[in-house]
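Trainee: Structure supplied as input.pdb; contents: PDB, C-alpha atoms, pLDDT in the B column.
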```
ATOM      1  CA  MET A   1       0.000   0.000   0.000  1.00 52.00           C
ATOM      2  CA  LEU A   2       1.304   3.413  -0.918  1.00 54.00           C
ATOM      3  CA  ASP A   3       1.936   5.888   1.887  1.00 63.00           C
ATOM      4  CA  GLU A   4      -0.324   8.396   0.117  1.00 70.00           C
ATOM      5  CA  ASP A   5      -3.187   5.883   0.048  1.00 87.00           C
ATOM      6  CA  TYR A   6      -2.665   5.136   3.727  1.00 86.00           C
ATOM      7  CA  ALA A   7      -2.671   8.854   4.596  1.00 88.00           C
ATOM      8  CA  ASN A   8      -6.019   9.197   2.788  1.00 90.00           C
ATOM      9  CA  ILE A   9      -7.354   6.199   4.704  1.00 90.00           C
ATOM     10  CA  VAL A  10      -6.366   7.822   8.011  1.00 91.00           C
ATOM     11  CA  HIS A  11      -7.960  11.114   6.946  1.00 92.00           C
ATOM     12  CA  THR A  12     -11.226   9.318   6.069  1.00 92.00           C
ATOM     13  CA  LEU A  13     -11.082   7.298   9.279  1.00 93.00           C
ATOM     14  CA  LEU A  14     -10.771  10.516  11.292  1.00 93.00           C
ATOM     15  CA  ASP A  15     -13.844  11.833   9.487  1.00 91.00           C
ATOM     16  CA  PHE A  16     -15.714   8.616  10.388  1.00 91.00           C
ATOM     17  CA  ALA A  17     -14.643   9.027  14.018  1.00 90.00           C
ATOM     18  CA  LYS A  18     -15.796  12.651  14.156  1.00 90.00           C
ATOM     19  CA  ARG A  19     -19.176  11.669  12.672  1.00 88.00           C
ATOM     20  CA  ASN A  20     -19.561   8.831  15.243  1.00 87.00           C
ATOM     21  CA  ILE A  21     -19.606   6.080  12.624  1.00 87.00           C
ATOM     22  CA  LEU A  22     -17.204   3.861  14.591  1.00 89.00           C
ATOM     23  CA  ASP A  23     -18.722   1.158  16.779  1.00 89.00           C
ATOM     24  CA  PHE A  24     -17.563   0.351  20.319  1.00 90.00           C
ATOM     25  CA  LYS A  25     -14.880  -2.174  19.303  1.00 93.00           C
ATOM     26  CA  GLN A  26     -13.530   0.052  16.518  1.00 92.00           C
ATOM     27  CA  LYS A  27     -13.274   3.001  18.933  1.00 92.00           C
ATOM     28  CA  ASP A  28     -11.472   0.781  21.429  1.00 93.00           C
ATOM     29  CA  ASN A  29      -8.940  -0.430  18.841  1.00 94.00           C
ATOM     30  CA  PHE A  30      -8.381   3.110  17.562  1.00 94.00           C
ATOM     31  CA  PHE A  31      -7.967   4.299  21.168  1.00 94.00           C
ATOM     32  CA  LYS A  32      -5.300   1.629  21.786  1.00 95.00           C
ATOM     33  CA  VAL A  33      -3.356   2.639  18.673  1.00 95.00           C
ATOM     34  CA  VAL A  34      -3.388   6.305  19.734  1.00 95.00           C
ATOM     35  CA  MET A  35      -2.336   5.483  23.284  1.00 95.00           C
ATOM     36  CA  SER A  36       0.554   3.370  21.959  1.00 94.00           C
ATOM     37  CA  LEU A  37       2.186   6.393  20.283  1.00 95.00           C
ATOM     38  CA  LYS A  38       5.306   6.807  22.410  1.00 93.00           C
ATOM     39  CA  GLU A  39       6.423   9.922  20.517  1.00 92.00           C
ATOM     40  CA  LYS A  40       3.390  11.949  21.626  1.00 95.00           C
ATOM     41  CA  THR A  41       2.687  13.362  25.060  1.00 95.00           C
ATOM     42  CA  GLN A  42      -0.182  12.141  27.190  1.00 95.00           C
ATOM     43  CA  LYS A  43      -1.859  15.560  26.853  1.00 95.00           C
ATOM     44  CA  GLN A  44      -1.671  15.442  23.031  1.00 96.00           C
ATOM     45  CA  LYS A  45      -3.190  11.961  22.973  1.00 95.00           C
ATOM     46  CA  GLU A  46      -5.947  12.947  25.415  1.00 94.00           C
ATOM     47  CA  ARG A  47      -6.911  15.973  23.316  1.00 94.00           C
ATOM     48  CA  PHE A  48      -6.982  13.853  20.174  1.00 95.00           C
ATOM     49  CA  ILE A  49      -9.095  11.159  21.842  1.00 94.00           C
ATOM     50  CA  MET A  50     -11.550  13.692  23.227  1.00 93.00           C
ATOM     51  CA  PHE A  51     -11.839  15.602  19.934  1.00 94.00           C
ATOM     52  CA  TYR A  52     -12.548  12.432  17.938  1.00 93.00           C
ATOM     53  CA  ASN A  53     -14.725  10.926  20.689  1.00 91.00           C
ATOM     54  CA  LEU A  54     -12.642   7.744  20.975  1.00 92.00           C
ATOM     55  CA  ASP A  55     -13.112   7.410  24.732  1.00 86.00           C
ATOM     56  CA  LYS A  56     -15.706   4.691  25.238  1.00 76.00           C
ATOM     57  CA  ASN A  57     -16.523   6.061  28.701  1.00 78.00           C
ATOM     58  CA  ASN A  58     -17.332   9.560  27.446  1.00 77.00           C
ATOM     59  CA  ASN A  59     -19.836  10.340  24.688  1.00 77.00           C
ATOM     60  CA  GLU A  60     -19.575  14.104  24.934  1.00 82.00           C
ATOM     61  CA  GLU A  61     -18.633  15.841  21.685  1.00 85.00           C
ATOM     62  CA  TYR A  62     -15.801  18.328  21.942  1.00 90.00           C
ATOM     63  CA  THR A  63     -14.966  21.258  19.693  1.00 91.00           C
ATOM     64  CA  LEU A  64     -11.576  22.951  19.622  1.00 93.00           C
ATOM     65  CA  SER A  65     -12.842  25.835  21.760  1.00 93.00           C
ATOM     66  CA  LYS A  66     -14.508  23.494  24.251  1.00 93.00           C
ATOM     67  CA  LEU A  67     -11.293  21.482  24.581  1.00 93.00           C
ATOM     68  CA  ALA A  68      -9.305  24.704  24.944  1.00 94.00           C
ATOM     69  CA  LYS A  69     -11.488  25.766  27.879  1.00 94.00           C
ATOM     70  CA  TYR A  70     -11.255  22.290  29.390  1.00 90.00           C
ATOM     71  CA  ASN A  71      -7.437  22.294  29.074  1.00 91.00           C
ATOM     72  CA  ASN A  72      -7.041  25.967  29.979  1.00 94.00           C
ATOM     73  CA  CYS A  73      -5.175  26.768  26.770  1.00 94.00           C
ATOM     74  CA  THR A  74      -5.800  28.221  23.324  1.00 95.00           C
ATOM     75  CA  SER A  75      -7.715  26.586  20.477  1.00 93.00           C
ATOM     76  CA  SER A  76      -4.569  26.701  18.366  1.00 94.00           C
ATOM     77  CA  ALA A  77      -2.680  24.684  21.004  1.00 94.00           C
ATOM     78  CA  VAL A  78      -5.428  22.054  20.948  1.00 95.00           C
ATOM     79  CA  LYS A  79      -5.437  22.016  17.148  1.00 95.00           C
ATOM     80  CA  PHE A  80      -1.658  21.595  17.123  1.00 95.00           C
ATOM     81  CA  SER A  81      -1.952  18.591  19.470  1.00 95.00           C
ATOM     82  CA  ILE A  82      -4.668  16.977  17.368  1.00 95.00           C
ATOM     83  CA  THR A  83      -2.829  17.612  14.088  1.00 95.00           C
ATOM     84  CA  SER A  84       0.405  16.276  15.551  1.00 95.00           C
ATOM     85  CA  VAL A  85      -1.200  12.969  16.579  1.00 95.00           C
ATOM     86  CA  ALA A  86      -3.075  12.700  13.262  1.00 94.00           C
ATOM     87  CA  SER A  87       0.172  13.258  11.365  1.00 94.00           C
ATOM     88  CA  LYS A  88       1.894  10.532  13.356  1.00 94.00           C
ATOM     89  CA  LEU A  89      -0.988   8.129  12.663  1.00 94.00           C
ATOM     90  CA  ALA A  90      -0.798   8.923   8.938  1.00 92.00           C
ATOM     91  CA  ASN A  91       2.896   8.037   8.933  1.00 90.00           C
ATOM     92  CA  LEU A  92       2.880   4.797  10.932  1.00 89.00           C
ATOM     93  CA  LYS A  93       5.293   2.191   9.587  1.00 85.00           C
ATOM     94  CA  ASP A  94       4.461  -0.823  11.772  1.00 86.00           C
ATOM     95  CA  ASP A  95       1.583  -3.247  12.415  1.00 88.00           C
ATOM     96  CA  ARG A  96      -0.563  -0.559  14.042  1.00 90.00           C
ATOM     97  CA  LYS A  97      -1.081   0.784  10.529  1.00 91.00           C
ATOM     98  CA  TYR A  98      -3.025  -2.355   9.606  1.00 90.00           C
ATOM     99  CA  ILE A  99      -5.296  -2.029  12.634  1.00 92.00           C
ATOM    100  CA  LEU A 100      -6.407   1.382  11.334  1.00 92.00           C
ATOM    101  CA  VAL A 101      -6.807   0.012   7.785  1.00 92.00           C
ATOM    102  CA  GLN A 102      -8.976  -2.793   9.170  1.00 93.00           C
ATOM    103  CA  ILE A 103     -11.204  -0.307  11.019  1.00 93.00           C
ATOM    104  CA  TYR A 104     -11.473   1.756   7.821  1.00 91.00           C
ATOM    105  CA  GLU A 105     -12.445  -1.306   5.753  1.00 91.00           C
ATOM    106  CA  GLN A 106     -15.100  -2.291   8.310  1.00 91.00           C
ATOM    107  CA  CYS A 107     -16.604   1.210   8.154  1.00 89.00           C
ATOM    108  CA  ILE A 108     -16.633   1.171   4.341  1.00 87.00           C
ATOM    109  CA  ALA A 109     -18.294  -2.264   4.327  1.00 86.00           C
ATOM    110  CA  LYS A 110     -20.919  -1.040   6.808  1.00 82.00           C
ATOM    111  CA  GLN A 111     -21.623   2.029   4.662  1.00 79.00           C
ATOM    112  CA  ASN A 112     -21.901  -0.125   1.532  1.00 64.00           C
ATOM    113  CA  ASN A 113     -24.379  -2.402   3.322  1.00 54.00           C
ATOM    114  CA  TRP A 114     -26.503   0.611   4.270  1.00 57.00           C
ATOM    115  CA  LEU A 115     -26.389   1.909   0.704  1.00 50.00           C
ATOM    116  CA  PHE A 116     -27.476  -1.502  -0.571  1.00 48.00           C
ATOM    117  CA  ILE A 117     -30.320  -1.682   1.951  1.00 56.00           C
ATOM    118  CA  ARG A 118     -31.441   1.855   1.054  1.00 57.00           C
ATOM    119  CA  SER A 119     -31.386   1.051  -2.658  1.00 60.00           C
ATOM    120  CA  ILE A 120     -33.420  -2.129  -2.072  1.00 62.00           C
ATOM    121  CA  GLY A 121     -35.887  -0.099  -0.001  1.00 65.00           C
ATOM    122  CA  SER A 122     -36.187   2.515  -2.745  1.00 66.00           C
ATOM    123  CA  MET A 123     -36.711  -0.186  -5.351  1.00 66.00           C
ATOM    124  CA  LEU A 124     -39.429  -1.879  -3.256  1.00 64.00           C
ATOM    125  CA  LEU A 125     -41.167   1.461  -2.730  1.00 67.00           C
ATOM    126  CA  PHE A 126     -41.066   2.117  -6.481  1.00 65.00           C
ATOM    127  CA  LEU A 127     -42.529  -1.357  -7.198  1.00 68.00           C
ATOM    128  CA  TRP A 128     -45.225  -0.906  -4.538  1.00 68.00           C
ATOM    129  CA  ARG A 129     -46.295   2.439  -6.011  1.00 71.00           C
ATOM    130  CA  GLY A 130     -46.462   0.890  -9.486  1.00 72.00           C
ATOM    131  CA  LEU A 131     -48.474  -2.055  -8.192  1.00 69.00           C
ATOM    132  CA  TRP A 132     -50.813   0.314  -6.325  1.00 66.00           C
ATOM    133  CA  LYS A 133     -51.425   2.369  -9.482  1.00 71.00           C
ATOM    134  CA  MET A 134     -52.055  -0.809 -11.456  1.00 71.00           C
ATOM    135  CA  LEU A 135     -54.554  -2.092  -8.863  1.00 69.00           C
ATOM    136  CA  LYS A 136     -56.364   1.247  -8.854  1.00 68.00           C
ATOM    137  CA  GLY A 137     -56.546   1.043 -12.651  1.00 69.00           C
ATOM    138  CA  ILE A 138     -57.943  -2.494 -12.509  1.00 69.00           C
ATOM    139  CA  LYS A 139     -60.482  -1.430  -9.889  1.00 64.00           C
ATOM    140  CA  GLY A 140     -61.563   1.444 -12.156  1.00 65.00           C
ATOM    141  CA  LEU A 141     -61.896  -0.918 -15.114  1.00 62.00           C
ATOM    142  CA  TRP A 142     -63.931  -3.360 -13.024  1.00 60.00           C
ATOM    143  CA  PHE A 143     -66.420  -0.726 -11.888  1.00 64.00           C
ATOM    144  CA  GLY A 144     -66.593   0.697 -15.404  1.00 63.00           C
ATOM    145  CA  PHE A 145     -67.356  -2.766 -16.763  1.00 61.00           C
ATOM    146  CA  GLN A 146     -70.090  -3.295 -14.133  1.00 64.00           C
ATOM    147  CA  LYS A 147     -71.736   0.005 -15.084  1.00 65.00           C
ATOM    148  CA  MET A 148     -71.673  -0.938 -18.753  1.00 64.00           C
ATOM    149  CA  LYS A 149     -73.326  -4.292 -17.962  1.00 63.00           C
ATOM    150  CA  LYS A 150     -76.203  -2.479 -16.245  1.00 66.00           C
ATOM    151  CA  ILE A 151     -76.698  -0.156 -19.220  1.00 64.00           C
ATOM    152  CA  PHE A 152     -76.860  -2.970 -21.777  1.00 59.00           C
TER     153      PHE A 152
END
```
Give the structure from the file, written as structure tokens.
Mentor:
Amino acid sequence: MLDEDYANIVHTLLDFAKRNILDFKQKDNFFKVVMSLKEKTQKQKERFIMFYNLDKNNNEEYTLSKLAKYNNCTSSAVKFSITSVASKLANLKDDRKYILVQIYEQCIAKQNNWLFIRSIGSMLLFLWRGLWKMLKGIKGLWFGFQKMKKIF
């Protein structure tokens, strides 16, 4: 896998995390990867985890300004922490990289399943509407035929 492809995967995975698409196990695995980054400080990792809602014990959504108030610092300091951890994740060279790729692939598969289910639902709705119109037409023909029988 090319490093550029992996960086895009991490970027998309961060978007999934921010939009709360990750399930409990995926959040836990992502959390473990972040906490295993020895090159980053505990504070940087905590800010990242809170911003992307990776803490399974806390469902509160944090913005940069909310995290800045919580950490008694500036929004730019929080953003620097988050960007620093994200950059490190995008440049992983060991097995932790494949944990993130696996989470990404699971999210994509889940989204594809939902798209398939939605398309099936749309198709069934379309068929039902067509069937309903056809039945109404048959009903109209039936009553029209009955009226004609009475006339003749």
Trainee: Mind giving me the straight-line distance from atom CA of A:Leu67 to atom CA of A:Asn8 in Å, one decimal?
Mentor: 25.6 Å
Trainee: Provide the atom CA of A:Phe24 to atom CA of A:Asn59 distance in Å, to one decimal place.
Mentor: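 So the two atoms, atom CA of A:Phe24 and atom CA of A:Asn59, lie 11.1 Å apart.
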Trainee: Write out as a PyMOL selection string which residues come within 10 Å of A:Asp28 when counting all atoms listed in the file, dropping same-chain ones fewer than 4 positions away.
Mentor: chain A and resi 22-24+32-34+54-56
Trainee: Here is a test: counting only C-alpha atoms, which residue of A:Tyr70, A:Phe80, A:Tyr6, A:Phe31 is nearest to A:Asn53?
Mentor: A:Phe31
Trainee: Enter the distance from atom CA of A:Leu37 to atom CA of A:Arg96, in Å, rounded to one decimal.
Mentor: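 Separation between atom CA of A:Leu37 and atom CA of A:Arg96: 9.7 Å.
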Trainee: What residues come out when you apply the PyMOL selection byres ((chain A and resi 93) around 12) to this file, written as a VMD selection string?
Mentor: chain A and resid 1 to 3 6 to 7 37 88 to 92 94 to 100
Trainee: Nearest to A:Cys107: which of A:Phe16, A:Val78, A:His11, A:Lys43 is it, counting only C-alpha atoms?
Mentor: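 Result for the nearest residue to A:Cys107: A:Phe16.
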Trainee: From the options A:Thr83, A:Gln44, A:Asn20, A:Gln26, which residue's atoms come nearest to A:Tyr104, counting all atoms listed in the file?
Mentor: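 Nearest to A:Tyr104: A:Gln26.
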Trainee: Considering all atoms listed in the file, state which residue in the set A:Asp15, A:Ile108, A:Ile103, A:Met50 is at the smallest distance from A:Phe30.
Mentor: A:Ile103
Trainee: Report, as JSON, the axis-aligned box around all atoms of stretch 57-73 of chain A present in the file, extended by 6 Å on each side; give centre and edge lengths in Å to one decimal place.
Mentor:
```
{"center_x": -12.5, "center_y": 16.4, "center_z": 24.8, "size_x": 26.7, "size_y": 32.7, "size_z": 22.4}
```
Trainee: Under the rule that all atoms listed in the file are counted, which of A:Lys133, A:Val101, A:Glu60, A:Glu39 is the nearest residue to A:Thr12?
Mentor: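 Selected residue with least distance to A:Thr12: A:Val101.
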Trainee: Using all atoms listed in the file for the distances, tell me which of A:Tyr52, A:Ser36, A:Asp5, A:Ala86 is nearest to A:Ala17.
Mentor: A:Tyr52
